Amino acid sequence: MARAMTFYSTTVGKKVVMAATGVLLVLFIVGHMLGNLQIFEGPERLNAYAHFLKSTGELLWGVRIVMLAAIILHILAAAQITIANWKARPIGYAMKKDVETGYAARTMIVSGPLILLYVIYHLMMFTFLQTPQGLSDTDVYGNVVKAFQQPGISAVYIVALLVLGFHLYHGIWSMLQTLGVNHPKYNRLRRIGACVLAVLIAAGYLSIPVSVLLGIVH
Amino acid sequence: MKLTLKIWRQESPEDKGRLVSYEMDGVAEDTSFLELLDILNQRLIKKGEHPVTFDHDCREGICGSCGFMISGIAHGPQKLTTTCQLFMRQFKDGDTIVAEPFRSRAFPVIKDLVVDRSALDKIVQAGGFISARTGSGPDGNAIPISKEKADRSMDAAACIGCGACVAACPNGSAMLFTAAKISHLGLLPQGQPERKQRALRMVAKMQELGFGACSNHGECEAVCPKGISIDFIARLNRDYMVASALETVEPVKKV
């Protein structure tokens, strides 16, 4: 335990924790997307899948607890690192140009909290059924269609997923680098792979509200 | 050519400091940046003003003494170049150039463009060495080292410790410097006995000195006059993870 705390006390240790929890979160996001995409196979399939998830009982709660722990650690490490980074340059430059870094990398500390806000809103809406829109407990398919038919809900969803896409574009390659997953032969592939995966995830999720708004899924 | 220089002037570590403009006329294209400051300083001395203080030594791009921010980029706009090897042909007639010291909590300004970079030496002192028997030199090729490993070790050893990586990093992190110092030893057989302790000690020292974290922006590699790759940062992370799992940091033994 003392060794783990010493490890975490350094910025390298905190980044490793952020990257490792990032891997878990990416896996969850991919799994969640594959589950959601079953909407294109019709109401029976999606509702049966939702029922299956609920029927797993303890396993579902196990996954939820692991994900919650991952989110808390991810945010804690990010907050501590950001504060340390601000302190590392108390006097800024009169003029500073970025040569290599990009928009996604520079805005991780903005996209992260935005995603957190969205996740809270999303859980309130679909998991805890706290919204007064007459959501059904069993007809997940109907709930999704009803929700996305409201342009406001779709718009928030689309913006949130674009923000997530930007976060993942830098986050996926960054977590590989932080975890020391590198090899001269495959380094270019890490950047390309991160970009492809970020686009696939955003596109996969966005296909659902877009299909509902266009009337393809109804 | 005609240039406007805006240079950070700061009398002492306690002074607040400010940017001061100087008009430079009739500058030859083949003037190096440091020669430009020499010319300006002669003028200032004649007028009875204090010359601009800046670090320099070899003026050949190999010692790591010189370096400041030139219009927002450490060592200026030309890649793989130290400040002393930056010539006025890189600029256009009529340009305004801003010269500021490297900024980091661990690099306090001493005067004008000079900062105290001894924090980098402290990181090396914490573990950037090997313990070897002294005496006559070992026989050549007594320890076989593959060409690939030798090359990569030399790539890391090319670090001249100028501090541009820290200055360019949005987080003021010394990860590229420390990664280069850990890697050039860690890639060779002679560096193996202390490899884990080296990672633990140097990362801990970097932390203690108040450098920021690596956010994988890649700004450091882009400004590094020696082109040191951030691949070495991934290597530092691996070494640090393995070392943390297997050992705890021990104080350096003096014999």
# chains A, B, ... in the order shown; residues from 1 in each chain; ligands from 1
call {"tool": "residues_around", "arguments": {"residues": "Glu23 (chain B)", "least_positions_apart": "4", "cutoff": "8 Å", "atoms": "only C-alpha atoms", "output": "list in words"}}
result
Lys2, Leu3, Thr4 and Leu5 of chain B
call {"tool": "write_last_selection", "arguments": {"atoms": "C-alpha atoms", "output": "short mmCIF file (atom, residue, chain, number, x, y, z; two decimals), in the first residue's frame"}}
result
data_model
loop_
_atom_site.label_atom_id
_atom_site.label_comp_id
_atom_site.auth_asym_id
_atom_site.auth_seq_id
_atom_site.Cartn_x
_atom_site.Cartn_y
_atom_site.Cartn_z
CA LYS B 2 15.58 46.13 -40.33
CA LEU B 3 14.29 44.32 -37.25
CA THR B 4 12.43 45.27 -34.08
CA LEU B 5 13.57 43.32 -31.02
#
call {"tool": "interface_residues", "arguments": {"of": "chain A", "to": "chain B", "cutoff": "10 Å", "atoms": "only C-alpha atoms", "output": "short mmCIF file (atom, residue, chain, number, x, y, z; two decimals) with C-alpha atoms, in the first residue's frame"}}
result
data_model
loop_
_atom_site.label_atom_id
_atom_site.label_comp_id
_atom_site.auth_asym_id
_atom_site.auth_seq_id
_atom_site.Cartn_x
_atom_site.Cartn_y
_atom_site.Cartn_z
CA ALA A 2 2.82 2.40 0.91
CA ARG A 3 4.48 1.54 -2.40
CA ALA A 4 1.25 2.23 -4.28
CA THR A 6 4.55 6.50 -3.41
CA PHE A 7 3.87 5.51 -7.03
CA TYR A 8 0.74 7.66 -7.11
CA SER A 9 2.51 10.62 -5.47
CA THR A 10 4.48 11.29 -8.67
CA THR A 11 3.02 12.80 -11.83
CA VAL A 12 4.11 9.70 -13.76
CA GLY A 13 2.14 7.48 -11.35
CA LYS A 14 -0.95 9.69 -11.61
CA LYS A 15 -0.74 9.64 -15.40
CA VAL A 16 -0.49 5.83 -15.35
CA ILE A 81 -2.24 16.75 -12.44
CA THR A 82 -3.89 19.87 -13.83
CA ILE A 83 -3.28 21.78 -10.60
CA ALA A 84 0.35 20.60 -10.54
CA ASN A 85 0.74 21.73 -14.17
CA TRP A 86 -0.65 25.19 -13.45
CA LYS A 87 1.78 25.53 -10.55
CA ALA A 88 4.70 24.42 -12.73
CA ARG A 89 4.63 27.70 -14.69
CA PRO A 90 3.60 30.52 -12.35
CA ILE A 91 4.69 33.24 -14.81
CA GLY A 92 3.41 32.72 -18.34
CA TYR A 93 4.85 33.80 -21.66
CA ALA A 94 4.09 37.13 -23.34
CA MET A 95 4.16 35.15 -26.58
CA LYS A 96 3.88 31.36 -26.97
CA LYS A 97 3.28 29.37 -30.14
CA ASP A 98 2.16 25.76 -30.28
CA VAL A 99 4.25 23.82 -32.76
CA GLU A 100 2.98 20.26 -32.47
CA THR A 101 0.00 19.96 -30.14
CA GLY A 102 -3.57 20.25 -31.36
CA ALA A 104 -8.06 18.09 -28.83
CA ALA A 105 -4.92 17.77 -26.69
CA ARG A 106 -5.13 21.32 -25.38
CA MET A 108 -8.74 17.72 -22.54
CA HIS A 170 -6.08 12.59 -27.91
CA GLY A 171 -6.92 10.25 -25.00
CA TRP A 173 -3.06 7.63 -28.23
CA SER A 174 -2.06 9.39 -25.02
CA MET A 175 -2.98 6.42 -22.81
CA LEU A 176 -0.89 4.07 -24.97
CA GLN A 177 2.08 6.43 -24.70
CA THR A 178 1.65 6.80 -20.93
CA LEU A 179 1.41 3.04 -20.43
CA GLY A 180 4.63 2.68 -22.41
CA VAL A 181 2.98 0.81 -25.28
CA ASN A 182 5.31 1.87 -28.07
CA HIS A 183 7.49 0.40 -30.74
CA PRO A 184 9.21 2.26 -33.57
CA ASN A 187 4.15 4.26 -33.41
#
call {"tool": "atom_distance", "arguments": {"atom1": "CA of Gly67 (chain B)", "atom2": "CA of Thr53 (chain B)"}}
result
11.9 Å
call {"tool": "select_by_dssp", "arguments": {"residues": "region 26-246 of chain B", "states": "strand (DSSP E or B)", "output": "list in words"}}
result
Ser32, Met69, Ile70, Ile73, Ala74, Phe87, Thr96, Ile97, Val98, Ala99, Glu100, Val109, Ile110, Lys111, Val114 and Val115 of chain B
call {"tool": "write_last_selection", "arguments": {"atoms": "N, CA and C atoms", "output": "PDB file, in the first residue's frame"}}
result
ATOM      1  N   SER B  32      24.121  35.732 -36.594  1.00  0.00           N
ATOM      2  CA  SER B  32      23.405  34.763 -35.754  1.00  0.00           C
ATOM      3  C   SER B  32      22.615  35.540 -34.692  1.00  0.00           C
ATOM      4  N   MET B  69      13.223  31.910 -25.464  1.00  0.00           N
ATOM      5  CA  MET B  69      12.063  31.842 -26.348  1.00  0.00           C
ATOM      6  C   MET B  69      12.208  32.924 -27.412  1.00  0.00           C
ATOM      7  N   ILE B  70      12.073  32.552 -28.673  1.00  0.00           N
ATOM      8  CA  ILE B  70      12.161  33.518 -29.760  1.00  0.00           C
ATOM      9  C   ILE B  70      10.802  33.530 -30.467  1.00  0.00           C
ATOM     10  N   ILE B  73       8.642  30.441 -29.566  1.00  0.00           N
ATOM     11  CA  ILE B  73       9.144  29.078 -29.765  1.00  0.00           C
ATOM     12  C   ILE B  73      10.539  28.974 -29.138  1.00  0.00           C
ATOM     13  N   ALA B  74      10.760  27.915 -28.342  1.00  0.00           N
ATOM     14  CA  ALA B  74      12.073  27.736 -27.723  1.00  0.00           C
ATOM     15  C   ALA B  74      13.118  27.554 -28.817  1.00  0.00           C
ATOM     16  N   PHE B  87      20.059  31.975 -37.655  1.00  0.00           N
ATOM     17  CA  PHE B  87      20.576  33.151 -38.363  1.00  0.00           C
ATOM     18  C   PHE B  87      19.426  34.030 -38.856  1.00  0.00           C
ATOM     19  N   THR B  96       9.149  41.765 -36.285  1.00  0.00           N
ATOM     20  CA  THR B  96       9.313  42.036 -34.858  1.00  0.00           C
ATOM     21  C   THR B  96       9.579  40.698 -34.180  1.00  0.00           C
ATOM     22  N   ILE B  97      10.664  40.623 -33.402  1.00  0.00           N
ATOM     23  CA  ILE B  97      11.031  39.367 -32.746  1.00  0.00           C
ATOM     24  C   ILE B  97      10.950  39.559 -31.236  1.00  0.00           C
ATOM     25  N   VAL B  98      10.238  38.649 -30.563  1.00  0.00           N
ATOM     26  CA  VAL B  98      10.115  38.723 -29.105  1.00  0.00           C
ATOM     27  C   VAL B  98      11.073  37.709 -28.488  1.00  0.00           C
ATOM     28  N   ALA B  99      11.936  38.147 -27.585  1.00  0.00           N
ATOM     29  CA  ALA B  99      12.861  37.247 -26.887  1.00  0.00           C
ATOM     30  C   ALA B  99      12.549  37.257 -25.396  1.00  0.00           C
ATOM     31  N   GLU B 100      12.192  36.073 -24.886  1.00  0.00           N
ATOM     32  CA  GLU B 100      11.811  35.933 -23.471  1.00  0.00           C
ATOM     33  C   GLU B 100      12.599  34.792 -22.855  1.00  0.00           C
ATOM     34  N   VAL B 109      14.199  33.042 -13.147  1.00  0.00           N
ATOM     35  CA  VAL B 109      14.989  33.994 -13.931  1.00  0.00           C
ATOM     36  C   VAL B 109      16.048  34.616 -13.025  1.00  0.00           C
ATOM     37  N   ILE B 110      17.296  34.637 -13.526  1.00  0.00           N
ATOM     38  CA  ILE B 110      18.374  35.282 -12.773  1.00  0.00           C
ATOM     39  C   ILE B 110      18.490  36.737 -13.227  1.00  0.00           C
ATOM     40  N   LYS B 111      18.576  36.928 -14.543  1.00  0.00           N
ATOM     41  CA  LYS B 111      18.676  38.273 -15.101  1.00  0.00           C
ATOM     42  C   LYS B 111      18.335  38.214 -16.585  1.00  0.00           C
ATOM     43  N   VAL B 114      18.594  35.065 -18.813  1.00  0.00           N
ATOM     44  CA  VAL B 114      19.293  33.960 -18.145  1.00  0.00           C
ATOM     45  C   VAL B 114      18.406  33.360 -17.052  1.00  0.00           C
ATOM     46  N   VAL B 115      18.215  32.040 -17.120  1.00  0.00           N
ATOM     47  CA  VAL B 115      17.476  31.357 -16.062  1.00  0.00           C
ATOM     48  C   VAL B 115      18.396  30.337 -15.393  1.00  0.00           C
TER      49      VAL B 115
END
call {"tool": "atom_distance", "arguments": {"atom1": "CA of Lys146 (chain A)", "atom2": "CA of Leu162 (chain A)"}}
result
21.8 Å
call {"tool": "select_by_dssp", "arguments": {"residues": "region 62-193 of chain A", "states": "alpha helix (DSSP H)", "output": "JSON, numbers by chain"}}
result
{"A": [62, 63, 64, 65, 66, 67, 68, 69, 70, 71, 72, 73, 74, 75, 76, 77, 78, 79, 80, 81, 82, 83, 84, 85, 86, 87, 88, 103, 104, 105, 106, 108, 109, 110, 111, 112, 113, 114, 115, 116, 117, 118, 119, 120, 121, 122, 140, 141, 142, 143, 144, 145, 146, 147, 148, 151, 152, 153, 154, 155, 156, 157, 158, 159, 160, 161, 162, 163, 164, 165, 166, 167, 168, 169, 170, 171, 172, 173, 174, 175, 176, 177, 178, 187, 188, 189, 190, 191, 192, 193]}
